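Asker: The structure follows.
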Amino acid sequence: MDEPIEQQLAEVAAKASQCTACRLAQTRTNVVFGEGNPRSPLVLVGEGPGEQEDATGRPFVGRAGQLLDKALHDAGMKRKHVYICNIVKCRASEVVNGRVRNRAPLPDEIQACLPWLDAQLTIIRPLVIVCLGAPSASLIIHKNFKILQERGQWFTSRWAPAAIATLHPAYILRQAGASFQQGYQYLVQDLLAARQKVIELRRLQEEQKLLPPNEEGQLSLF
Ligand code: SF4
């Protein structure tokens, strides 16, 4: 019999915490593997850890994380209802004028880290993935994803029957005034659509009697 998925994930996370497969290992404080409900049918995948995440080892705990929490709340969910991770598990940073700042992960870093994300999503087997930002969508949905044109649309993914992309909360925070409001509205709208999609897919599974017995951790929210 297979090990419980919590244990499977913990074993992969323990191995990832020792990973030195790319240059980001040299500057990280913590590997940020991911957290949340591993039995959730809904997984959110961002780009990579920032300063706060690197310091704490937890995903989305900085300002972008707070905005994501608010958007989840406005879409009727909490963190305990979802699982959250990133496409790269270590902070990508650079020194500019003597200050360390975040940078986008490079393509070879994303590829080096892919086995961890693959293992994670293969264990969780979500019904719906929400990609937070273009790099996540380009990896999970299709190459050259155009976030402003294609966000809010449904796709399939090798890791889930349904995947959608939305704006990254950090991108929204860089907007001002009406652009910020519009970006936030898109984020909430896409999270709501993802929640609805889970409900729809679970209903379909029930009709086809494909739904596994209700396991501890499967939340009535969906
Ligand atoms: Fe390993 Fe990924 Fe960290 Fe690179 S970013 S060292 S591949 S865990």
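In the structure tokens, the first chain shown is A, the next is B, and so on; residue numbers restart at 1 for each chain, and ligands run from 1 in the order shown.
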Looking only at the backbone, which of the residues in segment 64-142 of chain A does DSSP tag as alpha helix (DSSP H), as a PDB file with all heavy atoms, in the first residue's frame?
Answerer:
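Below you can see part_26.pdb, which holds the result:
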```pdb
ATOM      1  N   ALA A  64       3.453  40.192  -0.879  1.00  0.00           N
ATOM      2  CA  ALA A  64       2.694  39.497  -1.932  1.00  0.00           C
ATOM      3  C   ALA A  64       1.841  38.385  -1.322  1.00  0.00           C
ATOM      4  O   ALA A  64       0.704  38.151  -1.754  1.00  0.00           O
ATOM      5  CB  ALA A  64       3.652  38.924  -2.983  1.00  0.00           C
ATOM      6  N   GLY A  65       2.384  37.726  -0.312  1.00  0.00           N
ATOM      7  CA  GLY A  65       1.637  36.665   0.371  1.00  0.00           C
ATOM      8  C   GLY A  65       0.422  37.218   1.089  1.00  0.00           C
ATOM      9  O   GLY A  65      -0.652  36.598   1.100  1.00  0.00           O
ATOM     10  N   GLN A  66       0.588  38.407   1.672  1.00  0.00           N
ATOM     11  CA  GLN A  66      -0.554  39.015   2.369  1.00  0.00           C
ATOM     12  C   GLN A  66      -1.659  39.381   1.377  1.00  0.00           C
ATOM     13  O   GLN A  66      -2.844  39.217   1.660  1.00  0.00           O
ATOM     14  CB  GLN A  66      -0.095  40.253   3.134  1.00  0.00           C
ATOM     15  CG  GLN A  66       0.718  39.887   4.374  1.00  0.00           C
ATOM     16  CD  GLN A  66       1.541  41.043   4.906  1.00  0.00           C
ATOM     17  OE1 GLN A  66       1.283  42.209   4.591  1.00  0.00           O
ATOM     18  NE2 GLN A  66       2.545  40.737   5.704  1.00  0.00           N
ATOM     19  N   LEU A  67      -1.241  39.858   0.209  1.00  0.00           N
ATOM     20  CA  LEU A  67      -2.249  40.181  -0.814  1.00  0.00           C
ATOM     21  C   LEU A  67      -2.936  38.898  -1.305  1.00  0.00           C
ATOM     22  O   LEU A  67      -4.148  38.881  -1.536  1.00  0.00           O
ATOM     23  CB  LEU A  67      -1.601  40.918  -1.986  1.00  0.00           C
ATOM     24  CG  LEU A  67      -2.589  41.541  -2.965  1.00  0.00           C
ATOM     25  CD1 LEU A  67      -3.323  42.735  -2.338  1.00  0.00           C
ATOM     26  CD2 LEU A  67      -1.893  41.995  -4.248  1.00  0.00           C
ATOM     27  N   LEU A  68      -2.150  37.839  -1.431  1.00  0.00           N
ATOM     28  CA  LEU A  68      -2.733  36.558  -1.855  1.00  0.00           C
ATOM     29  C   LEU A  68      -3.736  36.053  -0.809  1.00  0.00           C
ATOM     30  O   LEU A  68      -4.819  35.572  -1.163  1.00  0.00           O
ATOM     31  CB  LEU A  68      -1.620  35.523  -2.077  1.00  0.00           C
ATOM     32  CG  LEU A  68      -2.092  34.142  -2.530  1.00  0.00           C
ATOM     33  CD1 LEU A  68      -2.807  34.208  -3.879  1.00  0.00           C
ATOM     34  CD2 LEU A  68      -0.914  33.171  -2.611  1.00  0.00           C
ATOM     35  N   ASP A  69      -3.390  36.176   0.459  1.00  0.00           N
ATOM     36  CA  ASP A  69      -4.312  35.758   1.529  1.00  0.00           C
ATOM     37  C   ASP A  69      -5.632  36.539   1.444  1.00  0.00           C
ATOM     38  O   ASP A  69      -6.711  35.982   1.614  1.00  0.00           O
ATOM     39  CB  ASP A  69      -3.684  36.006   2.908  1.00  0.00           C
ATOM     40  CG  ASP A  69      -2.618  34.973   3.246  1.00  0.00           C
ATOM     41  OD1 ASP A  69      -2.556  33.930   2.571  1.00  0.00           O
ATOM     42  OD2 ASP A  69      -1.836  35.226   4.177  1.00  0.00           O
ATOM     43  N   LYS A  70      -5.511  37.841   1.184  1.00  0.00           N
ATOM     44  CA  LYS A  70      -6.722  38.678   1.080  1.00  0.00           C
ATOM     45  C   LYS A  70      -7.567  38.233  -0.123  1.00  0.00           C
ATOM     46  O   LYS A  70      -8.789  38.127  -0.031  1.00  0.00           O
ATOM     47  CB  LYS A  70      -6.288  40.148   0.937  1.00  0.00           C
ATOM     48  CG  LYS A  70      -7.409  41.149   0.845  1.00  0.00           C
ATOM     49  CD  LYS A  70      -6.840  42.548   1.010  1.00  0.00           C
ATOM     50  CE  LYS A  70      -7.657  43.687   0.463  1.00  0.00           C
ATOM     51  NZ  LYS A  70      -9.050  43.555   0.303  1.00  0.00           N
ATOM     52  N   ALA A  71      -6.881  37.959  -1.235  1.00  0.00           N
ATOM     53  CA  ALA A  71      -7.607  37.533  -2.442  1.00  0.00           C
ATOM     54  C   ALA A  71      -8.267  36.167  -2.218  1.00  0.00           C
ATOM     55  O   ALA A  71      -9.410  35.943  -2.645  1.00  0.00           O
ATOM     56  CB  ALA A  71      -6.656  37.480  -3.632  1.00  0.00           C
ATOM     57  N   LEU A  72      -7.559  35.271  -1.546  1.00  0.00           N
ATOM     58  CA  LEU A  72      -8.158  33.961  -1.233  1.00  0.00           C
ATOM     59  C   LEU A  72      -9.407  34.173  -0.378  1.00  0.00           C
ATOM     60  O   LEU A  72     -10.452  33.563  -0.621  1.00  0.00           O
ATOM     61  CB  LEU A  72      -7.153  33.084  -0.477  1.00  0.00           C
ATOM     62  CG  LEU A  72      -6.100  32.357  -1.320  1.00  0.00           C
ATOM     63  CD1 LEU A  72      -5.015  31.757  -0.422  1.00  0.00           C
ATOM     64  CD2 LEU A  72      -6.721  31.257  -2.183  1.00  0.00           C
ATOM     65  N   HIS A  73      -9.294  35.047   0.620  1.00  0.00           N
ATOM     66  CA  HIS A  73     -10.433  35.342   1.495  1.00  0.00           C
ATOM     67  C   HIS A  73     -11.601  35.892   0.682  1.00  0.00           C
ATOM     68  O   HIS A  73     -12.755  35.475   0.850  1.00  0.00           O
ATOM     69  CB  HIS A  73      -9.984  36.341   2.568  1.00  0.00           C
ATOM     70  CG  HIS A  73     -11.097  36.780   3.467  1.00  0.00           C
ATOM     71  ND1 HIS A  73     -11.860  37.905   3.210  1.00  0.00           N
ATOM     72  CD2 HIS A  73     -11.605  36.233   4.587  1.00  0.00           C
ATOM     73  CE1 HIS A  73     -12.777  38.014   4.143  1.00  0.00           C
ATOM     74  NE2 HIS A  73     -12.645  37.026   4.999  1.00  0.00           N
ATOM     75  N   ASP A  74     -11.309  36.818  -0.227  1.00  0.00           N
ATOM     76  CA  ASP A  74     -12.371  37.421  -1.045  1.00  0.00           C
ATOM     77  C   ASP A  74     -12.974  36.411  -2.030  1.00  0.00           C
ATOM     78  O   ASP A  74     -14.062  36.632  -2.555  1.00  0.00           O
ATOM     79  CB  ASP A  74     -11.843  38.651  -1.791  1.00  0.00           C
ATOM     80  CG  ASP A  74     -11.599  39.819  -0.841  1.00  0.00           C
ATOM     81  OD1 ASP A  74     -12.030  39.741   0.325  1.00  0.00           O
ATOM     82  OD2 ASP A  74     -10.962  40.807  -1.252  1.00  0.00           O
ATOM     83  N   PRO A 107      16.287  30.377 -16.952  1.00  0.00           N
ATOM     84  CA  PRO A 107      15.722  29.142 -17.502  1.00  0.00           C
ATOM     85  C   PRO A 107      16.424  27.871 -16.995  1.00  0.00           C
ATOM     86  O   PRO A 107      15.768  26.871 -16.707  1.00  0.00           O
ATOM     87  CB  PRO A 107      15.916  29.315 -19.016  1.00  0.00           C
ATOM     88  CG  PRO A 107      15.883  30.797 -19.217  1.00  0.00           C
ATOM     89  CD  PRO A 107      16.528  31.395 -17.999  1.00  0.00           C
ATOM     90  N   ASP A 108      17.767  27.914 -16.857  1.00  0.00           N
ATOM     91  CA  ASP A 108      18.446  26.688 -16.394  1.00  0.00           C
ATOM     92  C   ASP A 108      18.141  26.404 -14.920  1.00  0.00           C
ATOM     93  O   ASP A 108      18.115  25.238 -14.500  1.00  0.00           O
ATOM     94  CB  ASP A 108      19.962  26.763 -16.656  1.00  0.00           C
ATOM     95  CG  ASP A 108      20.653  27.845 -15.848  1.00  0.00           C
ATOM     96  OD1 ASP A 108      20.060  28.921 -15.658  1.00  0.00           O
ATOM     97  OD2 ASP A 108      21.789  27.614 -15.396  1.00  0.00           O
ATOM     98  N   GLU A 109      17.861  27.448 -14.147  1.00  0.00           N
ATOM     99  CA  GLU A 109      17.485  27.236 -12.741  1.00  0.00           C
ATOM    100  C   GLU A 109      16.082  26.620 -12.668  1.00  0.00           C
ATOM    101  O   GLU A 109      15.823  25.721 -11.858  1.00  0.00           O
ATOM    102  CB  GLU A 109      17.537  28.573 -11.992  1.00  0.00           C
ATOM    103  CG  GLU A 109      18.949  29.141 -11.879  1.00  0.00           C
ATOM    104  CD  GLU A 109      19.019  30.633 -11.591  1.00  0.00           C
ATOM    105  OE1 GLU A 109      17.962  31.328 -11.616  1.00  0.00           O
ATOM    106  OE2 GLU A 109      20.129  31.127 -11.353  1.00  0.00           O
ATOM    107  N   ILE A 110      15.198  27.093 -13.530  1.00  0.00           N
ATOM    108  CA  ILE A 110      13.831  26.543 -13.560  1.00  0.00           C
ATOM    109  C   ILE A 110      13.872  25.063 -13.962  1.00  0.00           C
ATOM    110  O   ILE A 110      13.212  24.221 -13.352  1.00  0.00           O
ATOM    111  CB  ILE A 110      12.936  27.362 -14.524  1.00  0.00           C
ATOM    112  CG1 ILE A 110      12.750  28.788 -13.981  1.00  0.00           C
ATOM    113  CG2 ILE A 110      11.590  26.690 -14.740  1.00  0.00           C
ATOM    114  CD1 ILE A 110      12.052  29.751 -14.929  1.00  0.00           C
ATOM    115  N   GLN A 111      14.685  24.748 -14.957  1.00  0.00           N
ATOM    116  CA  GLN A 111      14.788  23.352 -15.400  1.00  0.00           C
ATOM    117  C   GLN A 111      15.401  22.474 -14.320  1.00  0.00           C
ATOM    118  O   GLN A 111      14.975  21.343 -14.095  1.00  0.00           O
ATOM    119  CB  GLN A 111      15.610  23.258 -16.701  1.00  0.00           C
ATOM    120  CG  GLN A 111      14.836  23.679 -17.940  1.00  0.00           C
ATOM    121  CD  GLN A 111      13.497  22.955 -18.086  1.00  0.00           C
ATOM    122  OE1 GLN A 111      13.431  21.726 -17.999  1.00  0.00           O
ATOM    123  NE2 GLN A 111      12.423  23.695 -18.301  1.00  0.00           N
ATOM    124  N   ALA A 112      16.433  22.997 -13.640  1.00  0.00           N
ATOM    125  CA  ALA A 112      17.093  22.210 -12.587  1.00  0.00           C
ATOM    126  C   ALA A 112      16.130  21.885 -11.454  1.00  0.00           C
ATOM    127  O   ALA A 112      16.207  20.826 -10.834  1.00  0.00           O
ATOM    128  CB  ALA A 112      18.300  22.975 -12.047  1.00  0.00           C
ATOM    129  N   CYS A 113      15.198  22.803 -11.210  1.00  0.00           N
ATOM    130  CA  CYS A 113      14.265  22.635 -10.089  1.00  0.00           C
ATOM    131  C   CYS A 113      13.007  21.850 -10.467  1.00  0.00           C
ATOM    132  O   CYS A 113      12.249  21.440  -9.595  1.00  0.00           O
ATOM    133  CB  CYS A 113      13.876  24.004  -9.529  1.00  0.00           C
ATOM    134  SG  CYS A 113      13.581  23.977  -7.752  1.00  0.00           S
ATOM    135  N   LEU A 114      12.812  21.648 -11.750  1.00  0.00           N
ATOM    136  CA  LEU A 114      11.569  21.014 -12.214  1.00  0.00           C
ATOM    137  C   LEU A 114      11.292  19.640 -11.571  1.00  0.00           C
ATOM    138  O   LEU A 114      10.140  19.336 -11.260  1.00  0.00           O
ATOM    139  CB  LEU A 114      11.583  20.923 -13.745  1.00  0.00           C
ATOM    140  CG  LEU A 114      10.328  20.391 -14.417  1.00  0.00           C
ATOM    141  CD1 LEU A 114       9.085  21.153 -13.988  1.00  0.00           C
ATOM    142  CD2 LEU A 114      10.470  20.439 -15.942  1.00  0.00           C
ATOM    143  N   PRO A 115      12.309  18.798 -11.346  1.00  0.00           N
ATOM    144  CA  PRO A 115      12.001  17.495 -10.734  1.00  0.00           C
ATOM    145  C   PRO A 115      11.301  17.604  -9.370  1.00  0.00           C
ATOM    146  O   PRO A 115      10.477  16.757  -9.023  1.00  0.00           O
ATOM    147  CB  PRO A 115      13.376  16.838 -10.581  1.00  0.00           C
ATOM    148  CG  PRO A 115      14.210  17.465 -11.657  1.00  0.00           C
ATOM    149  CD  PRO A 115      13.725  18.894 -11.752  1.00  0.00           C
ATOM    150  N   TRP A 116      11.612  18.671  -8.612  1.00  0.00           N
ATOM    151  CA  TRP A 116      10.945  18.826  -7.305  1.00  0.00           C
ATOM    152  C   TRP A 116       9.481  19.178  -7.501  1.00  0.00           C
ATOM    153  O   TRP A 116       8.607  18.617  -6.829  1.00  0.00           O
ATOM    154  CB  TRP A 116      11.644  19.904  -6.470  1.00  0.00           C
ATOM    155  CG  TRP A 116      13.080  19.598  -6.154  1.00  0.00           C
ATOM    156  CD1 TRP A 116      14.164  20.368  -6.443  1.00  0.00           C
ATOM    157  CD2 TRP A 116      13.585  18.425  -5.497  1.00  0.00           C
ATOM    158  NE1 TRP A 116      15.313  19.754  -6.012  1.00  0.00           N
ATOM    159  CE2 TRP A 116      14.994  18.565  -5.422  1.00  0.00           C
ATOM    160  CE3 TRP A 116      12.994  17.281  -4.970  1.00  0.00           C
ATOM    161  CZ2 TRP A 116      15.813  17.600  -4.840  1.00  0.00           C
ATOM    162  CZ3 TRP A 116      13.814  16.315  -4.394  1.00  0.00           C
ATOM    163  CH2 TRP A 116      15.192  16.471  -4.324  1.00  0.00           C
ATOM    164  N   LEU A 117       9.192  20.105  -8.404  1.00  0.00           N
ATOM    165  CA  LEU A 117       7.799  20.475  -8.673  1.00  0.00           C
ATOM    166  C   LEU A 117       7.036  19.281  -9.254  1.00  0.00           C
ATOM    167  O   LEU A 117       5.899  19.006  -8.872  1.00  0.00           O
ATOM    168  CB  LEU A 117       7.748  21.657  -9.656  1.00  0.00           C
ATOM    169  CG  LEU A 117       6.348  22.139 -10.006  1.00  0.00           C
ATOM    170  CD1 LEU A 117       5.690  22.850  -8.823  1.00  0.00           C
ATOM    171  CD2 LEU A 117       6.379  23.069 -11.224  1.00  0.00           C
ATOM    172  N   ASP A 118       7.712  18.572 -10.152  1.00  0.00           N
ATOM    173  CA  ASP A 118       7.089  17.401 -10.773  1.00  0.00           C
ATOM    174  C   ASP A 118       6.715  16.374  -9.702  1.00  0.00           C
ATOM    175  O   ASP A 118       5.591  15.853  -9.689  1.00  0.00           O
ATOM    176  CB  ASP A 118       8.065  16.812 -11.803  1.00  0.00           C
ATOM    177  CG  ASP A 118       7.490  15.597 -12.497  1.00  0.00           C
ATOM    178  OD1 ASP A 118       6.299  15.640 -12.867  1.00  0.00           O
ATOM    179  OD2 ASP A 118       8.211  14.584 -12.640  1.00  0.00           O
ATOM    180  N   ALA A 119       7.636  16.109  -8.792  1.00  0.00           N
ATOM    181  CA  ALA A 119       7.375  15.130  -7.730  1.00  0.00           C
ATOM    182  C   ALA A 119       6.201  15.601  -6.862  1.00  0.00           C
ATOM    183  O   ALA A 119       5.284  14.825  -6.552  1.00  0.00           O
ATOM    184  CB  ALA A 119       8.623  14.942  -6.877  1.00  0.00           C
ATOM    185  N   GLN A 120       6.236  16.878  -6.519  1.00  0.00           N
ATOM    186  CA  GLN A 120       5.198  17.464  -5.680  1.00  0.00           C
ATOM    187  C   GLN A 120       3.804  17.323  -6.312  1.00  0.00           C
ATOM    188  O   GLN A 120       2.866  16.840  -5.686  1.00  0.00           O
ATOM    189  CB  GLN A 120       5.548  18.949  -5.577  1.00  0.00           C
ATOM    190  CG  GLN A 120       5.179  19.671  -4.366  1.00  0.00           C
ATOM    191  CD  GLN A 120       5.966  20.986  -4.283  1.00  0.00           C
ATOM    192  OE1 GLN A 120       6.443  21.538  -5.288  1.00  0.00           O
ATOM    193  NE2 GLN A 120       6.096  21.484  -3.088  1.00  0.00           N
ATOM    194  N   LEU A 121       3.701  17.743  -7.575  1.00  0.00           N
ATOM    195  CA  LEU A 121       2.396  17.726  -8.233  1.00  0.00           C
ATOM    196  C   LEU A 121       1.954  16.301  -8.562  1.00  0.00           C
ATOM    197  O   LEU A 121       0.754  16.009  -8.592  1.00  0.00           O
ATOM    198  CB  LEU A 121       2.433  18.603  -9.497  1.00  0.00           C
ATOM    199  CG  LEU A 121       2.643  20.101  -9.237  1.00  0.00           C
ATOM    200  CD1 LEU A 121       2.760  20.855 -10.572  1.00  0.00           C
ATOM    201  CD2 LEU A 121       1.517  20.685  -8.403  1.00  0.00           C
ATOM    202  N   THR A 122       2.902  15.416  -8.791  1.00  0.00           N
ATOM    203  CA  THR A 122       2.562  14.016  -9.067  1.00  0.00           C
ATOM    204  C   THR A 122       2.002  13.353  -7.812  1.00  0.00           C
ATOM    205  O   THR A 122       1.109  12.509  -7.883  1.00  0.00           O
ATOM    206  CB  THR A 122       3.816  13.268  -9.577  1.00  0.00           C
ATOM    207  OG1 THR A 122       4.290  13.944 -10.745  1.00  0.00           O
ATOM    208  CG2 THR A 122       3.507  11.822  -9.932  1.00  0.00           C
ATOM    209  N   ILE A 123       2.507  13.734  -6.657  1.00  0.00           N
ATOM    210  CA  ILE A 123       1.986  13.185  -5.391  1.00  0.00           C
ATOM    211  C   ILE A 123       0.608  13.782  -5.081  1.00  0.00           C
ATOM    212  O   ILE A 123      -0.333  13.070  -4.747  1.00  0.00           O
ATOM    213  CB  ILE A 123       2.972  13.470  -4.228  1.00  0.00           C
ATOM    214  CG1 ILE A 123       4.265  12.666  -4.415  1.00  0.00           C
ATOM    215  CG2 ILE A 123       2.328  13.131  -2.880  1.00  0.00           C
ATOM    216  CD1 ILE A 123       5.406  13.099  -3.509  1.00  0.00           C
ATOM    217  N   ILE A 124       0.474  15.089  -5.215  1.00  0.00           N
ATOM    218  CA  ILE A 124      -0.785  15.761  -4.828  1.00  0.00           C
ATOM    219  C   ILE A 124      -1.915  15.479  -5.828  1.00  0.00           C
ATOM    220  O   ILE A 124      -3.059  15.343  -5.464  1.00  0.00           O
ATOM    221  CB  ILE A 124      -0.559  17.293  -4.688  1.00  0.00           C
ATOM    222  CG1 ILE A 124       0.466  17.572  -3.586  1.00  0.00           C
ATOM    223  CG2 ILE A 124      -1.866  18.012  -4.384  1.00  0.00           C
ATOM    224  CD1 ILE A 124       0.873  19.043  -3.478  1.00  0.00           C
ATOM    225  N   ALA A 134       3.466  34.751 -15.195  1.00  0.00           N
ATOM    226  CA  ALA A 134       3.822  34.158 -16.489  1.00  0.00           C
ATOM    227  C   ALA A 134       4.853  33.020 -16.409  1.00  0.00           C
ATOM    228  O   ALA A 134       4.695  32.015 -17.105  1.00  0.00           O
ATOM    229  CB  ALA A 134       4.324  35.248 -17.428  1.00  0.00           C
ATOM    230  N   PRO A 135       5.916  33.125 -15.602  1.00  0.00           N
ATOM    231  CA  PRO A 135       6.887  32.021 -15.590  1.00  0.00           C
ATOM    232  C   PRO A 135       6.250  30.692 -15.171  1.00  0.00           C
ATOM    233  O   PRO A 135       6.544  29.641 -15.761  1.00  0.00           O
ATOM    234  CB  PRO A 135       7.933  32.492 -14.569  1.00  0.00           C
ATOM    235  CG  PRO A 135       7.834  33.985 -14.591  1.00  0.00           C
ATOM    236  CD  PRO A 135       6.380  34.269 -14.790  1.00  0.00           C
ATOM    237  N   SER A 136       5.372  30.743 -14.194  1.00  0.00           N
ATOM    238  CA  SER A 136       4.674  29.532 -13.762  1.00  0.00           C
ATOM    239  C   SER A 136       3.773  29.006 -14.883  1.00  0.00           C
ATOM    240  O   SER A 136       3.764  27.806 -15.185  1.00  0.00           O
ATOM    241  CB  SER A 136       3.856  29.855 -12.504  1.00  0.00           C
ATOM    242  OG  SER A 136       2.978  28.818 -12.211  1.00  0.00           O
ATOM    243  N   ALA A 137       3.031  29.918 -15.524  1.00  0.00           N
ATOM    244  CA  ALA A 137       2.130  29.505 -16.605  1.00  0.00           C
ATOM    245  C   ALA A 137       2.913  28.951 -17.796  1.00  0.00           C
ATOM    246  O   ALA A 137       2.480  28.001 -18.450  1.00  0.00           O
ATOM    247  CB  ALA A 137       1.273  30.688 -17.047  1.00  0.00           C
ATOM    248  N   SER A 138       4.092  29.515 -18.075  1.00  0.00           N
ATOM    249  CA  SER A 138       4.899  29.034 -19.209  1.00  0.00           C
ATOM    250  C   SER A 138       5.404  27.624 -18.952  1.00  0.00           C
ATOM    251  O   SER A 138       5.587  26.848 -19.890  1.00  0.00           O
ATOM    252  CB  SER A 138       6.095  29.953 -19.441  1.00  0.00           C
ATOM    253  OG  SER A 138       5.629  31.217 -19.845  1.00  0.00           O
ATOM    254  N   LEU A 139       5.628  27.291 -17.703  1.00  0.00           N
ATOM    255  CA  LEU A 139       6.096  25.946 -17.366  1.00  0.00           C
ATOM    256  C   LEU A 139       4.935  24.960 -17.288  1.00  0.00           C
ATOM    257  O   LEU A 139       5.026  23.835 -17.758  1.00  0.00           O
ATOM    258  CB  LEU A 139       6.827  26.000 -16.015  1.00  0.00           C
ATOM    259  CG  LEU A 139       7.560  24.731 -15.614  1.00  0.00           C
ATOM    260  CD1 LEU A 139       8.773  24.506 -16.505  1.00  0.00           C
ATOM    261  CD2 LEU A 139       8.001  24.783 -14.157  1.00  0.00           C
ATOM    262  N   ILE A 140       3.850  25.392 -16.702  1.00  0.00           N
ATOM    263  CA  ILE A 140       2.759  24.463 -16.383  1.00  0.00           C
ATOM    264  C   ILE A 140       1.717  24.367 -17.501  1.00  0.00           C
ATOM    265  O   ILE A 140       1.139  23.309 -17.725  1.00  0.00           O
ATOM    266  CB  ILE A 140       2.123  24.871 -15.039  1.00  0.00           C
ATOM    267  CG1 ILE A 140       3.127  24.519 -13.939  1.00  0.00           C
ATOM    268  CG2 ILE A 140       0.783  24.204 -14.790  1.00  0.00           C
ATOM    269  CD1 ILE A 140       2.778  24.990 -12.577  1.00  0.00           C
TER     270      ILE A 140
END
```
Asker: For ligand 1, collect every residue having any atom at a distance of at most 9 Å from a ligand atom (counting only C-alpha atoms and all ligand atoms); output as a ChimeraX atom specification.
Answerer: /A:16-26,28,30-33,48,87-92,105,109-117
Asker: If you keep C-alpha atoms, can you produce a file of those selected residues as a PDB file, in the first residue's frame?
Answerer:
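New file result_0.pdb:
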```pdb
ATOM      1  CA  ALA A  16      14.907  18.993  -1.629  1.00  0.00           C
ATOM      2  CA  SER A  17      16.192  20.722   1.512  1.00  0.00           C
ATOM      3  CA  GLN A  18      19.647  19.336   0.673  1.00  0.00           C
ATOM      4  CA  CYS A  19      19.501  20.166  -3.045  1.00  0.00           C
ATOM      5  CA  THR A  20      22.512  21.770  -4.720  1.00  0.00           C
ATOM      6  CA  ALA A  21      21.426  21.181  -8.316  1.00  0.00           C
ATOM      7  CA  CYS A  22      21.716  24.848  -9.329  1.00  0.00           C
ATOM      8  CA  ARG A  23      23.591  28.023  -8.342  1.00  0.00           C
ATOM      9  CA  LEU A  24      20.708  29.267  -6.163  1.00  0.00           C
ATOM     10  CA  ALA A  25      21.835  26.803  -3.490  1.00  0.00           C
ATOM     11  CA  GLN A  26      24.864  29.040  -2.855  1.00  0.00           C
ATOM     12  CA  ARG A  28      19.702  30.667  -0.232  1.00  0.00           C
ATOM     13  CA  ASN A  30      16.154  28.010   3.227  1.00  0.00           C
ATOM     14  CA  VAL A  31      14.691  25.806   0.536  1.00  0.00           C
ATOM     15  CA  VAL A  32      11.031  26.826   0.298  1.00  0.00           C
ATOM     16  CA  PHE A  33       9.365  23.603  -0.714  1.00  0.00           C
ATOM     17  CA  GLY A  48       9.970  31.602  -6.453  1.00  0.00           C
ATOM     18  CA  ILE A  87       8.402  26.644  -9.664  1.00  0.00           C
ATOM     19  CA  VAL A  88      11.817  27.221  -8.056  1.00  0.00           C
ATOM     20  CA  LYS A  89      12.405  26.412  -4.426  1.00  0.00           C
ATOM     21  CA  CYS A  90      15.296  28.765  -3.638  1.00  0.00           C
ATOM     22  CA  ARG A  91      15.436  32.569  -3.802  1.00  0.00           C
ATOM     23  CA  ALA A  92      16.918  34.036  -6.974  1.00  0.00           C
ATOM     24  CA  PRO A 105      14.892  32.744 -11.957  1.00  0.00           C
ATOM     25  CA  GLU A 109      17.485  27.236 -12.741  1.00  0.00           C
ATOM     26  CA  ILE A 110      13.831  26.543 -13.560  1.00  0.00           C
ATOM     27  CA  GLN A 111      14.788  23.352 -15.400  1.00  0.00           C
ATOM     28  CA  ALA A 112      17.093  22.210 -12.587  1.00  0.00           C
ATOM     29  CA  CYS A 113      14.265  22.635 -10.089  1.00  0.00           C
ATOM     30  CA  LEU A 114      11.569  21.014 -12.214  1.00  0.00           C
ATOM     31  CA  PRO A 115      12.001  17.495 -10.734  1.00  0.00           C
ATOM     32  CA  TRP A 116      10.945  18.826  -7.305  1.00  0.00           C
ATOM     33  CA  LEU A 117       7.799  20.475  -8.673  1.00  0.00           C
TER      34      LEU A 117
END
```
Asker: As a PDB file with C-alpha atoms, in the first residue's frame, please: all residues of chain A that backbone DSSP puts in strand (DSSP E or B).
Answerer:
```pdb
ATOM      1  CA  GLU A  35       2.906  24.193   2.244  1.00  0.00           C
ATOM      2  CA  GLY A  36      -0.817  23.921   2.712  1.00  0.00           C
ATOM      3  CA  LEU A  42      -6.481  23.126  -5.753  1.00  0.00           C
ATOM      4  CA  VAL A  43      -2.766  23.987  -5.988  1.00  0.00           C
ATOM      5  CA  LEU A  44      -1.346  27.493  -6.477  1.00  0.00           C
ATOM      6  CA  VAL A  45       2.087  27.715  -8.106  1.00  0.00           C
ATOM      7  CA  GLY A  46       4.112  30.916  -8.015  1.00  0.00           C
ATOM      8  CA  TYR A  83      -1.590  23.939  -1.354  1.00  0.00           C
ATOM      9  CA  ILE A  84       0.936  26.631  -2.331  1.00  0.00           C
ATOM     10  CA  CYS A  85       4.369  26.241  -3.881  1.00  0.00           C
ATOM     11  CA  ASN A  86       6.690  27.781  -6.480  1.00  0.00           C
ATOM     12  CA  SER A  93      18.703  37.246  -6.047  1.00  0.00           C
ATOM     13  CA  GLU A  94      21.325  39.690  -7.275  1.00  0.00           C
ATOM     14  CA  VAL A  95      23.352  42.485  -5.719  1.00  0.00           C
ATOM     15  CA  VAL A  96      22.646  45.937  -7.157  1.00  0.00           C
ATOM     16  CA  ARG A  99      21.811  45.784  -2.002  1.00  0.00           C
ATOM     17  CA  VAL A 100      20.460  42.278  -2.441  1.00  0.00           C
ATOM     18  CA  ARG A 101      17.293  42.215  -4.471  1.00  0.00           C
ATOM     19  CA  ASN A 102      15.095  39.552  -6.025  1.00  0.00           C
ATOM     20  CA  VAL A 128      -6.995  22.466 -10.714  1.00  0.00           C
ATOM     21  CA  ILE A 129      -3.738  24.423 -10.782  1.00  0.00           C
ATOM     22  CA  VAL A 130      -3.635  28.214 -10.549  1.00  0.00           C
ATOM     23  CA  CYS A 131      -0.413  29.607 -12.010  1.00  0.00           C
ATOM     24  CA  LEU A 132       0.584  32.859 -10.354  1.00  0.00           C
ATOM     25  CA  PHE A 155      -6.120  24.982 -20.258  1.00  0.00           C
ATOM     26  CA  THR A 156      -5.074  21.429 -19.502  1.00  0.00           C
ATOM     27  CA  SER A 157      -1.705  20.595 -18.013  1.00  0.00           C
ATOM     28  CA  ALA A 160      -3.922  18.597 -13.743  1.00  0.00           C
ATOM     29  CA  PRO A 161      -7.049  18.317 -15.889  1.00  0.00           C
ATOM     30  CA  ALA A 162      -7.574  22.083 -15.556  1.00  0.00           C
ATOM     31  CA  ALA A 163      -5.112  24.948 -15.217  1.00  0.00           C
ATOM     32  CA  ILE A 164      -5.603  28.691 -15.209  1.00  0.00           C
ATOM     33  CA  ALA A 165      -3.164  31.567 -14.858  1.00  0.00           C
ATOM     34  CA  THR A 166      -3.613  34.804 -13.036  1.00  0.00           C
TER      35      THR A 166
END
```
